[in-house]
Structures are given as structure tokens and as C-alpha cells.
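I have placed the structure first, in the form of C-alpha cells, so that the comments after it can refer back to it.
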Amino acid sequence: MEKIKLELKPGLLPILGAYPVIVIGTKVDEAPDFTTVAWTGVAASVPPSVTIALQHHRHSLKGVRRHMSFSVNIPGTGLVRETDYCGLASGRNVDKAADCRFDVFYGRLDNVPLIRQCPVNHACEVIQILNLGSHELIVGRIVETFVSEDCLTGGRPDPAKIRPFVFTGPGYYSLGEHCGDAFRCGRDINPEAKLDTLDEIKE
Ligand SMILES: Cc1cc2nc3c(=O)[nH]c(=O)nc-3n(C[C@H](O)[C@H](O)[C@H](O)COP(=O)(O)O)c2cc1C
């Protein structure tokens with residue numbers, strides 16, 4: 001099959017890039033600010049670390065720099081409008097927490113506001129900020145994680161109850177059907193293959 005070269009874009013699934021959507025929380029001038037971020041990722045499992053990428057002029061970036069901390073709030077599909085709003089309006093002009101009726105709470109980091117309605121919340125301390133051009137890449141170490149009790153199954157966070165969604169150019173999409181058991185459904189491809197142990201694979 002012929003391959004066509006595309007313009008360079010950071011989408012991991014080009015054209016129909018699908019990105020997890022999170023709402024980050026910071027405190028700017030003593031007020032909580034919440035901002036939608038799709039350019040985010042897992043950076044390390046030990047210690048648990050994540051990245052977010054913010055454009056230089058974001059109001060929320062002021063709070064991240066000032067307190068060297070931020071929260072990651074994972075919204076469920078019931079918060080899609082609020083998530084979109086937090087990506088449309090700047091904390092410079094509006095009080096997003098009030099407009100979205102967020103129930104804001106705090107863990108042990110005083111300057112890291114968390115959204116109770118989001119099923120999963122991480123409080124992070126910033127360990128690195130890299131200027132990469134259009135965006136600053138912020139590496140955060142997770143120091144505390146909360147999950148809503150009604151989103152657990154057997155003591156573990158359950159995606160079917162959390163109902164996270166992704167952002168693509170045209171819209172937001174929720175997760176689809178379960179389509180395979182992780183670390184299991186690929187085993188039949190070559191029954192003779194020497195497989196890594198789960199300890200080697202995991203995270
Ligand atoms: C779906 C979506 C994803 C977004 N992802 C990012 C992002 O990854 N980085 C960023 O700097 N801005 C992103 N934005 C834009 C900011 O959320 C938006 O400009 C927001 O108003 C900034 O708020 P603030 O000035 O209070 O920080 C995104 C917006 C939407 C709607």
C-alpha cells in the first residue's frame with residue numbers, strides 16, 4: 001500500500017487524534033482556576049508522574065508557576081459541558097468554579113483545588129517545566145489521589161462507572177465497548193512466543 005506524507009502534527013492518531021480530556025486546577029491570586037487540557041500524558045509509574053502542556057499565556061500557568069503544583073481532575077461524560085466551558089473561558093475573566101457549580105475541595109496541598117464532581121482527582125507537585133515552543137511541558141508528581149466511592153468496583157476504579165471521554169477535532173467521544181482483556185487477548189497470536197512477565201510489562 002502506498003504511503004502519503006502528512007503535515008507534521010503531534011497527534012498520536014493522525015487526523016482523528018483522540019486525546020484524554022482532563023480539567024486541571026490551580027490557585028491564581030487566591031482563587032481556584034480550572035482549565036481544560038487535552039495535551040496530557042503519563043510520564044512515569046514510579047514515582048507516579050504525569051505531564052500537561054500549557055500555552056504560555058494561560059491564566060492557569062500563573063498558578064502552576066506560583067505554587068509549583070496543580071490538580072488533575074478526570075471528568076465523566078456528565079460533565080462534558082462544564083469541561084468544554086473550562087476550555088473556552090479564561091479565569092482572567094470569569095469564575096469558572098462558580099459558573100460550573102463545582103464543589104471544590106482540598107487534600108493536603110493547600111493551593112491545589114480539586115473538583116468533587118470529577119470521579120478521579122490527582123494532586124500533583126511540579127518537578128520540571130520545559131519550554132518546548134508553543135507550550136510549556138509541566139511534569140507533575142502525583143502526591144495524592146481521590147476517587148468517588150460510587151465509581152469503584154471491587155475496590156478498584158471502574159472505567160464503566162467513571163465514564164471518561166476523549167477529545168478529537170470534531171467532538172468529544174466516550175469510551176466504547178470492552179474489546180479485549182489486557183495482557184491476555186494477544187497471547188494466542190503466537191503460542192510459542194516467549195512473553196515478558198507481567199512484572200516486566202506492567203507500567
Ligand atoms: C478540549 C480542549 C482541550 C484543550 N487543551 C489545551 C491544552 O492541552 N493546553 C492548553 O494550553 N490549552 C488547552 N485548551 C485551551 C484552554 O483550556 C483555554 O484557553 C482556557 O480558556 C484557558 O483558561 P485559563 O486562561 O483560565 O488558564 C483546551 C481547550 C479545549 C476546549
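The chains in the C-alpha cells are called A, B, ... from first to last as shown; in each chain the residues are counted from 1, and the ligands are counted from 1 in the order shown.
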
Requested in this report: Excluding Leu88 (chain A) and residues on its chain fewer than 3 positions from it, collect all residues at most 12 Å away from it, counting only C-alpha atoms, and give them as a ChimeraX atom specification.
Outcome: /A:34-37,58,81-85,91-94,96

For the selection you just gave me, I'd like the residues written to a file as a CSV table (one decimal), in the first residue's frame, keeping N, CA, C and O atoms.
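Output file again35.csv is given in full below:
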chain,number,residue,atom,x,y,z
A,34,PHE,N,-9.9,26.6,36.9
A,34,PHE,CA,-9.9,25.3,36.3
A,34,PHE,C,-9.9,25.4,34.8
A,34,PHE,O,-10.6,26.2,34.2
A,35,THR,N,-9.0,24.6,34.2
A,35,THR,CA,-8.7,24.7,32.8
A,35,THR,C,-8.7,23.4,32.1
A,35,THR,O,-8.0,22.5,32.6
A,36,THR,N,-9.3,23.3,31.0
A,36,THR,CA,-9.3,22.0,30.2
A,36,THR,C,-8.0,21.8,29.5
A,36,THR,O,-7.5,22.7,28.8
A,37,VAL,N,-7.5,20.6,29.6
A,37,VAL,CA,-6.2,20.3,28.9
A,37,VAL,C,-6.4,18.9,28.2
A,37,VAL,O,-6.8,17.9,28.9
A,58,ARG,N,-1.6,31.2,29.3
A,58,ARG,CA,-2.8,30.7,30.1
A,58,ARG,C,-2.7,31.3,31.5
A,58,ARG,O,-1.7,31.3,32.2
A,81,ARG,N,-20.2,19.4,29.3
A,81,ARG,CA,-20.4,20.9,29.0
A,81,ARG,C,-19.5,21.7,29.9
A,81,ARG,O,-18.9,22.7,29.5
A,82,GLU,N,-19.4,21.4,31.2
A,82,GLU,CA,-18.5,22.1,32.1
A,82,GLU,C,-17.1,22.0,31.6
A,82,GLU,O,-16.3,23.0,31.7
A,83,THR,N,-16.7,20.8,31.1
A,83,THR,CA,-15.3,20.7,30.7
A,83,THR,C,-15.1,21.6,29.5
A,83,THR,O,-14.0,22.2,29.4
A,84,ASP,N,-16.0,21.6,28.6
A,84,ASP,CA,-15.9,22.4,27.4
A,84,ASP,C,-15.8,23.9,27.8
A,84,ASP,O,-14.9,24.7,27.3
A,85,TYR,N,-16.6,24.3,28.7
A,85,TYR,CA,-16.6,25.7,29.2
A,85,TYR,C,-15.2,26.1,29.8
A,85,TYR,O,-14.7,27.2,29.5
A,91,GLY,N,-9.9,32.1,33.3
A,91,GLY,CA,-10.0,32.5,34.7
A,91,GLY,C,-9.7,34.0,34.9
A,91,GLY,O,-10.0,34.6,35.9
A,92,ARG,N,-9.1,34.6,33.9
A,92,ARG,CA,-8.8,36.0,33.9
A,92,ARG,C,-10.1,36.8,33.9
A,92,ARG,O,-10.2,37.9,34.4
A,93,ASN,N,-11.1,36.2,33.3
A,93,ASN,CA,-12.4,37.0,33.0
A,93,ASN,C,-13.6,36.4,33.8
A,93,ASN,O,-14.5,37.2,34.0
A,94,VAL,N,-13.5,35.2,34.2
A,94,VAL,CA,-14.7,34.6,34.8
A,94,VAL,C,-14.3,33.7,36.0
A,94,VAL,O,-13.1,33.3,36.1
A,96,LYS,N,-14.7,30.2,36.9
A,96,LYS,CA,-15.2,29.0,36.3
A,96,LYS,C,-15.8,28.1,37.4
A,96,LYS,O,-16.8,27.4,37.1

Query - chain A: residues DSSP assigns to strand (DSSP E or B), reported as JSON, numbers by chain - result: {"A": [19, 20, 22, 23, 24, 25, 26, 27, 28, 31, 32, 33, 34, 35, 36, 37, 40, 41, 42, 43, 44, 49, 50, 51, 52, 53, 54, 55, 69, 70, 71, 72, 73, 74, 104, 105, 106, 113, 114, 115, 120, 121, 122, 123, 124, 125, 126, 127, 128, 129, 130, 131, 135, 136, 137, 138, 139, 140, 141, 142, 143, 144, 145, 146, 147, 152, 153, 156, 157, 165, 166, 167, 168, 171, 172, 173, 174]}

Query - Contact residues around Tyr173 (chain A) with only C-alpha atoms at 12 Å, ignoring same-chain residues under 6 positions, as a PyMOL selection string - result: chain A and resi 16-21+76-77+80+163-167

Query raised in the report: Using only C-alpha atoms, which residues sit within 9 Å of region 176-187 of chain A once same-chain residues fewer than 6 positions away are excluded, as an MDAnalysis selection string?
Result: chainID A and resid 193 195 198 201

Generate a file of the selected residues that holds N, CA, C and O atoms, formatted as an mmCIF file, in the first residue's frame.
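That gives us again16.cif:
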data_model
loop_
_atom_site.group_PDB
_atom_site.id
_atom_site.type_symbol
_atom_site.label_atom_id
_atom_site.label_comp_id
_atom_site.auth_asym_id
_atom_site.auth_seq_id
_atom_site.Cartn_x
_atom_site.Cartn_y
_atom_site.Cartn_z
ATOM 1 N N ALA A 193 5.569 -17.996 21.389
ATOM 2 C CA ALA A 193 6.388 -16.812 21.701
ATOM 3 C C ALA A 193 6.724 -16.753 23.185
ATOM 4 O O ALA A 193 5.882 -17.059 24.034
ATOM 5 N N LEU A 195 6.921 -14.716 26.224
ATOM 6 C CA LEU A 195 6.287 -13.446 26.590
ATOM 7 C C LEU A 195 6.991 -12.843 27.798
ATOM 8 O O LEU A 195 7.519 -13.572 28.644
ATOM 9 N N LEU A 198 4.477 -10.406 33.670
ATOM 10 C CA LEU A 198 3.631 -9.259 33.987
ATOM 11 C C LEU A 198 4.427 -8.184 34.722
ATOM 12 O O LEU A 198 4.220 -7.001 34.527
ATOM 13 N N ILE A 201 6.183 -6.180 32.164
ATOM 14 C CA ILE A 201 5.308 -5.379 31.310
ATOM 15 C C ILE A 201 4.733 -4.190 32.063
ATOM 16 O O ILE A 201 4.664 -3.081 31.565
#

**Report entry** Residue among A:Pro191, A:Pro159, A:Gly140, A:Pro75 lying closest to Leu175 (chain A), counting only C-alpha atoms
**Finding:**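 Among the listed residues, the smallest separation from Leu175 (chain A) belongs to A:Pro159.
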
Query raised in the report: Using only C-alpha atoms, which residue out of A:Ala43, A:Thr197, A:Val112, A:His59 lies closest to Gln128 (chain A)?
Result: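 Among A:Ala43, A:Thr197, A:Val112, A:His59, it is A:Ala43 that comes nearest to Gln128 (chain A).
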
Query raised in the report: Counting only C-alpha atoms, what is within 8 Å of region 61-68 of chain A, bar same-chain residues fewer than 4 positions away, as a list in words?
Result: Thr26, Lys27, Val28, Asp29, Leu54, Gln55, His56, His57, Asn111, Glu125, Val126 and Ile127 of chain A

Query raised in the report: Contacts of Gly41 (chain A) at 10 Å or less, counting only C-alpha atoms, minus same-chain residues fewer than 4 places along, as a VMD selection string?
Result: chain A and resid 19 to 20 49 to 53 139

Query raised in the report: Quick one: distance from CA of Gly171 (chain A) to atom 31 (C, counted along the ligand's line) of ligand 1 in Å, one decimal?
Result: 9.5 Å

Report summary line: For ligand 1, the closest of A:Cys118, A:Ile4, A:Val104, A:Ile138 counting only C-alpha atoms and all ligand atoms is A:Ile138

Query raised in the report: Which value, in Å to one decimal, gives the distance between CA of Asp99 (chain A) and CA of Val23 (chain A)?
Result: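 Distance between the two atoms: 14.6 Å.
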
Report summary line: With distances taken over only C-alpha atoms and all ligand atoms, the candidate from A:Phe70, A:Tyr106, A:Phe146, A:Tyr172 nearest ligand 1 is A:Tyr172

Query raised in the report: In Å, with one decimal, what is the gap from atom 30 (C, counted along the ligand's line) of ligand 1 to CA of Val46 (chain A)?
Result: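 So the answer is 29.1 Å.
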
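Closest approach to ligand 1 from the set A:Met1, A:Leu79, A:Ile22, A:Ala89 is made by A:Ala89, with distances taken over only C-alpha atoms and all ligand atoms.
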
Requested in this report: Give the helix (DSSP H, G or I) residues of region 12-161 of chain A, as assigned by DSSP on the backbone, as a PyMOL selection string.
Outcome: chain A and resi 59-67+77-86+96-99+149-151+159-161

Requested in this report: Could you tell me which of A:Lys3, A:Asp33, A:Ser69, A:Lys9 comes closest to Ala97 (chain A) if we count only C-alpha atoms?
Outcome: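 For Ala97 (chain A), the nearest of the given residues is A:Asp33.
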